[in-house]
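Here's the structure we're looking at; comments come further down.
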Amino acid sequence: MADNNKKMVEQITSMDVDFAQWYTDVVKKAELMDYSSVKGCMIFRPYGYAIWENIQKDLDARFKALGHENVYMPMFIPESLLQREKDHVEGFAPECAWVTIGGENQLSEKLCVRPTSETLFCEHFKNVIHSYRDLPKLYNQWCSVVRWEKTTRPFLRTSEFLWQEGHTMHATAEEARAETRRMLKVYEDFYLESLAIPAITGQKTEKEKFAGAEETYTIEPMMHNGVALQGGTSHYFGDGFAKAFDITYTDADNTVKYPHQTSWGVSTRSIGAIIMTHGDDNGLILPPAIAPIQVVIIPAAQHKPGVLEKATEVKDRLSKYRVKLDDSDQSAGWKFSQYEMKGVPVRLEIGPRDIENNACVLVSRVTREKKFISLDNLEAEVEAMLRQVHDELVDRAAKNLAAKTYEAHNFEEFTDIAEHKPGYIKAMWCGSVECEDKIKDVTGGVKSRCIPFGMEPIDTVCACCGKPAKKLVVWGRQY
RNA sequence: CGGGGUGUGGCUCAGUUUGGUAGAGUGCUUGGUUCGGGACCAAGAGGCCGGAGGUUCAAAUCCUCUCACUCCGACCA
């Protein structure tokens, strides 16, 4: 192995040449998805869907550990129901798909294919919440939603996408606010621990918050090219929907009150985040926690007696992991490239020479370094390398995030960075929509990502207008 | 929704300028030799050229309309 960084896969466009084309190449070549004849919709192929299943399992366990229960709501929303909350319908109406015909008859009321399910949950909450004893209600649903997008890209923006949407009702505003923040933390932990993606978290500005919400919180991972991806959001609704839907409960003091509401969601867009955060010119790199195949075993000289037997034995010893033994008759080199393209975190090579020495070879997808190990230490070495892959991915992503986060103290600095340096810009903000609009206008698309948690002010005046600053905001372009 | 690009065997594309009835590589199938970084030889199968209409003796090629994908904006998870 003279050059570990040599590009083996000619079919994938280099990231540095054309990031968008690289992305499209990877999702296709890694067999994550395919296009369908339905405009704006995509097919999840087995490997891509398996990633989503692992994400689901992981997140679902985190939700259930906190007491959330899964439910399933209808996929249609009658027009009158959607219109109950004014801001909400204004926000979503432009991207709704409508059903107007049932069978062969015109419907008396058209049905929206759900773009999100707040209204359906509220209609139901009205029926099941009567007493303070009925609260909190901690619901979640796994489903797909439809938003009639004008431009689509695999995983990042499709007309139909898969997600989970949590919807909760609480007795008090404090409790609902705490839930909103708690679920954002769940997302933050999930991104870091399971997807190996460190991210900035914080609150959305008024301009960027969810239609109908009082407060929106967000997790904003940065992709390899410095562009942001909204990775998940958590909303606090106050009692706005409760009032619009007339949801009330009788409190312990026998007074009638409105409950307070939250919702929060993560979608299949998170798969796009994985691809664009970790991938390289050889293809996908999957974090071990959600990789459909964590270890691929590739036998060398597999036709020679004893090799496949030994490889199978190794596979059995690693049964606590998701392991695949590829004994197809492709050449070993072909298999190496194939599984690198598909982002399998750890490759295990075993051939006659290794078997003679009671050894095998482990190769990390991140560094592609070969490590010769004794079969005596097999389990521990595999465990260590999987952990190492995860840590290296986190480390690499954190370095990228840090390296591409800049500070701007005035408008000239801001526009200069926006034009020349892809990434995040930390800058103080006066709180006005005018400054947000101006920045977006002048820079051609840089928007406020969030008012981040845990960052100190860097100045006293707004980087845009020079008036006294209220908040530090992280700005950037987004997918 | 505005601007660009592309639609030709499964995939990547040539052929379109100058109409003459479809080609390459790769993949696939079968047989053999190989096998530790995308192996080689041989023989095969597979496309009425995105769709509709028009011009013409003749259309992948020219004209009109349409659909899809893709990139760049605006909108959004």
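Naming works like this for the structure tokens: A, B, ... for the chains as they're shown, residue 1 at the start of each chain, ligands 1 onward in shown order.
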Next on the checklist: From a backbone DSSP assignment, name each residue in region 255-436 of chain A labelled helix (DSSP H, G or I), as a PyMOL selection string.
Outcome noted: chain A and resi 269-278+307-317+332-341+352-356+375-403+411-420+433-436
Contacts from chain B to chain A, 9 Å maximum, only C-alpha atoms (C1' of nucleotides): show me the residue list as an mmCIF file with C-alpha atoms (C1' of nucleotides), in the first residue's frame.
```
data_model
loop_
_atom_site.group_PDB
_atom_site.id
_atom_site.type_symbol
_atom_site.label_atom_id
_atom_site.label_comp_id
_atom_site.auth_asym_id
_atom_site.auth_seq_id
_atom_site.Cartn_x
_atom_site.Cartn_y
_atom_site.Cartn_z
ATOM 1 C "C1'" C B 1 -41.519 29.974 -9.842
ATOM 2 C "C1'" U B 12 -21.583 6.267 -18.395
ATOM 3 C "C1'" C B 35 -8.090 -14.415 -6.897
ATOM 4 C "C1'" G B 36 -3.997 -10.169 -0.567
ATOM 5 C "C1'" G B 37 -6.502 -3.030 -3.958
ATOM 6 C "C1'" G B 38 -11.894 -2.490 -8.935
ATOM 7 C "C1'" A B 39 -8.410 -9.659 -13.080
ATOM 8 C "C1'" A B 68 -38.627 13.932 -16.108
ATOM 9 C "C1'" C B 69 -33.944 14.508 -13.923
ATOM 10 C "C1'" C B 71 -27.374 22.495 -11.386
ATOM 11 C "C1'" G B 73 -31.306 31.400 -7.537
ATOM 12 C "C1'" C B 75 -39.294 29.228 -0.831
ATOM 13 C "C1'" C B 76 -38.868 25.390 2.881
ATOM 14 C "C1'" A B 77 -37.162 20.107 7.472
#
```
Checklist entry - Which polymer residues have any atom within 9 Å of an atom of Ser194 (chain A), counting only C-alpha atoms (C1' of nucleotides), with same-chain residues fewer than 3 positions away left out, as a list in words? => result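 Contacts, with the query itself left out: Ile55, Asp58, Asp189, Phe190, Tyr191, Ile197, Pro287, Pro288, Ala289, Ile290 and His390 of chain A.
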Can you write just those residues out, N, CA and C atoms, as a CSV table (one decimal), in the first residue's frame?
```
chain,number,residue,atom,x,y,z
A,55,ILE,N,-31.6,4.5,12.5
A,55,ILE,CA,-31.9,5.8,13.1
A,55,ILE,C,-33.2,5.8,13.9
A,58,ASP,N,-32.7,3.8,17.1
A,58,ASP,CA,-31.9,4.6,18.1
A,58,ASP,C,-32.8,5.7,18.7
A,189,ASP,N,-27.7,15.0,21.5
A,189,ASP,CA,-27.0,13.7,21.9
A,189,ASP,C,-27.0,12.7,20.8
A,190,PHE,N,-28.1,12.6,20.2
A,190,PHE,CA,-28.3,11.6,19.1
A,190,PHE,C,-27.3,11.9,17.9
A,191,TYR,N,-27.3,13.2,17.5
A,191,TYR,CA,-26.4,13.6,16.5
A,191,TYR,C,-24.9,13.3,16.8
A,197,ILE,N,-21.9,13.5,14.7
A,197,ILE,CA,-21.9,14.8,14.1
A,197,ILE,C,-22.1,15.9,15.2
A,287,PRO,N,-21.2,6.4,10.4
A,287,PRO,CA,-20.9,6.2,11.8
A,287,PRO,C,-21.3,4.8,12.2
A,288,PRO,N,-20.5,4.1,13.0
A,288,PRO,CA,-20.7,2.7,13.4
A,288,PRO,C,-22.1,2.5,14.0
A,289,ALA,N,-22.6,3.5,14.8
A,289,ALA,CA,-23.9,3.3,15.5
A,289,ALA,C,-25.1,3.0,14.5
A,290,ILE,N,-25.0,3.6,13.4
A,290,ILE,CA,-26.2,3.4,12.5
A,290,ILE,C,-25.8,2.7,11.2
A,390,HIS,N,-15.7,6.0,15.1
A,390,HIS,CA,-16.6,7.0,15.7
A,390,HIS,C,-15.9,8.3,16.1
```
Checklist entry - If you count only C-alpha atoms (C1' of nucleotides), which residues fall within 9 Å of His260 (chain A), apart from same-chain ones fewer than 6 positions away, as a list of chain:residue names? => result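 Final neighbour list, sorted by chain and number: A:Thr168, A:Met169, A:His170, A:Ala171, A:Thr172, A:Ala173, A:Glu174, A:Glu175, A:Ala176, A:Arg177, A:Tyr236, A:Phe237, A:Gly238, A:Asp239, A:Gly240, A:Phe241, A:Ala242.
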Apply DSSP to the backbone of this structure and, from region 44-123 of chain A, keep only the residues in strand (DSSP E); write these as a PDB file with C-alpha atoms, in the first residue's frame.
```pdb
ATOM      1  CA  PHE A  44     -35.233   4.305  -0.508  1.00  0.00           C
ATOM      2  CA  GLU A  69     -45.634   6.797  23.321  1.00  0.00           C
ATOM      3  CA  ASN A  70     -46.026   6.155  19.616  1.00  0.00           C
ATOM      4  CA  PHE A  76     -55.193  13.522   5.393  1.00  0.00           C
ATOM      5  CA  ILE A  77     -56.187  16.802   6.975  1.00  0.00           C
ATOM      6  CA  PRO A  78     -59.546  18.371   6.049  1.00  0.00           C
ATOM      7  CA  ALA A  97     -50.838  18.763  -1.771  1.00  0.00           C
ATOM      8  CA  TRP A  98     -54.607  18.457  -1.941  1.00  0.00           C
ATOM      9  CA  VAL A  99     -56.914  15.539  -2.589  1.00  0.00           C
ATOM     10  CA  THR A 100     -60.118  16.684  -4.246  1.00  0.00           C
ATOM     11  CA  ILE A 101     -61.513  13.497  -5.736  1.00  0.00           C
ATOM     12  CA  GLY A 102     -62.435  10.282  -3.920  1.00  0.00           C
ATOM     13  CA  ASN A 105     -66.650  11.829  -6.961  1.00  0.00           C
ATOM     14  CA  GLN A 106     -65.594  15.345  -6.129  1.00  0.00           C
ATOM     15  CA  LEU A 107     -65.114  15.631  -2.345  1.00  0.00           C
ATOM     16  CA  SER A 108     -67.353  18.069  -0.498  1.00  0.00           C
ATOM     17  CA  GLU A 109     -64.271  19.258   1.391  1.00  0.00           C
ATOM     18  CA  LYS A 110     -60.782  18.895   0.005  1.00  0.00           C
ATOM     19  CA  LEU A 111     -58.166  17.011   2.007  1.00  0.00           C
ATOM     20  CA  CYS A 112     -54.598  18.113   2.510  1.00  0.00           C
ATOM     21  CA  VAL A 113     -51.934  15.420   2.515  1.00  0.00           C
TER      22      VAL A 113
END
```
Checklist entry - What does the distance from CA of Lys320 (chain A) to CA of Glu379 (chain A) come to in Å, to one decimal? => result 9.5 Å
Checklist entry - When you draw a straight line from CA of Gly431 (chain A) to CA of Pro457 (chain A), how long is it in Å? => result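 One can read the CA of Gly431 (chain A) to CA of Pro457 (chain A) distance as 13.9 Å.
Our summary of the geometry notes that CA of Ile451 (chain A) is positioned 6.9 Å from CA of Lys471 (chain A).
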Next on the checklist: Can you tell me which residues surround G7 (chain B) at a distance of at most 12 Å, considering only C-alpha atoms (C1' of nucleotides), apart from same-chain residues fewer than 6 positions away, and format the answer as a ChimeraX atom specification?
Outcome noted: /B:13,49-51,60,67-70
Item to check | Residues near G46 (chain B), cut-off 12 Å, only C-alpha atoms (C1' of nucleotides), skip fewer than 3 positions along chain, as a list in words | outcome: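 Near neighbours after the sequence-gap exclusion: G9, G10, G27, C28 and U29 of chain B.
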Checklist outcome for this item: Restricting to only C-alpha atoms (C1' of nucleotides), whichever of B:U66, B:A52, B:G47, B:A58 is closest to A22 (chain B) is B:G47
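Residues with any atom within 12 Å of Arg387 (chain A), counting only C-alpha atoms (C1' of nucleotides) and excluding same-chain neighbours fewer than 4 positions away, are Glu193, Ser194, Ala196, Pro287, Pro288, Ala289, Gln294, Pro345, Val346, Ser364, Val366, Ala380, Glu381, Val382, Glu383, Asp391, Glu392, Leu393 and Val394 of chain A.
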Keeping only C-alpha atoms, write those residues as a compact mmCIF listing (two decimals), in the first residue's frame.
```txt
# COMPACT_ATOMS: atom_id res chain seq x y z
CA GLU A 193 -23.35 9.87 19.91
CA SER A 194 -25.01 8.05 17.04
CA ALA A 196 -20.87 11.34 15.09
CA PRO A 287 -20.85 6.20 11.78
CA PRO A 288 -20.74 2.72 13.37
CA ALA A 289 -23.87 3.28 15.48
CA GLN A 294 -20.48 -2.37 10.79
CA PRO A 345 -16.68 1.54 9.00
CA VAL A 346 -14.43 -1.48 9.47
CA SER A 364 -10.53 1.64 9.17
CA VAL A 366 -11.65 6.72 7.85
CA ALA A 380 -11.51 -6.34 21.57
CA GLU A 381 -9.71 -5.08 18.46
CA VAL A 382 -12.92 -4.80 16.44
CA GLU A 383 -14.62 -3.00 19.30
CA ASP A 391 -14.17 9.23 17.55
CA GLU A 392 -12.27 10.15 14.39
CA LEU A 393 -15.47 11.12 12.64
CA VAL A 394 -16.50 13.32 15.54
```
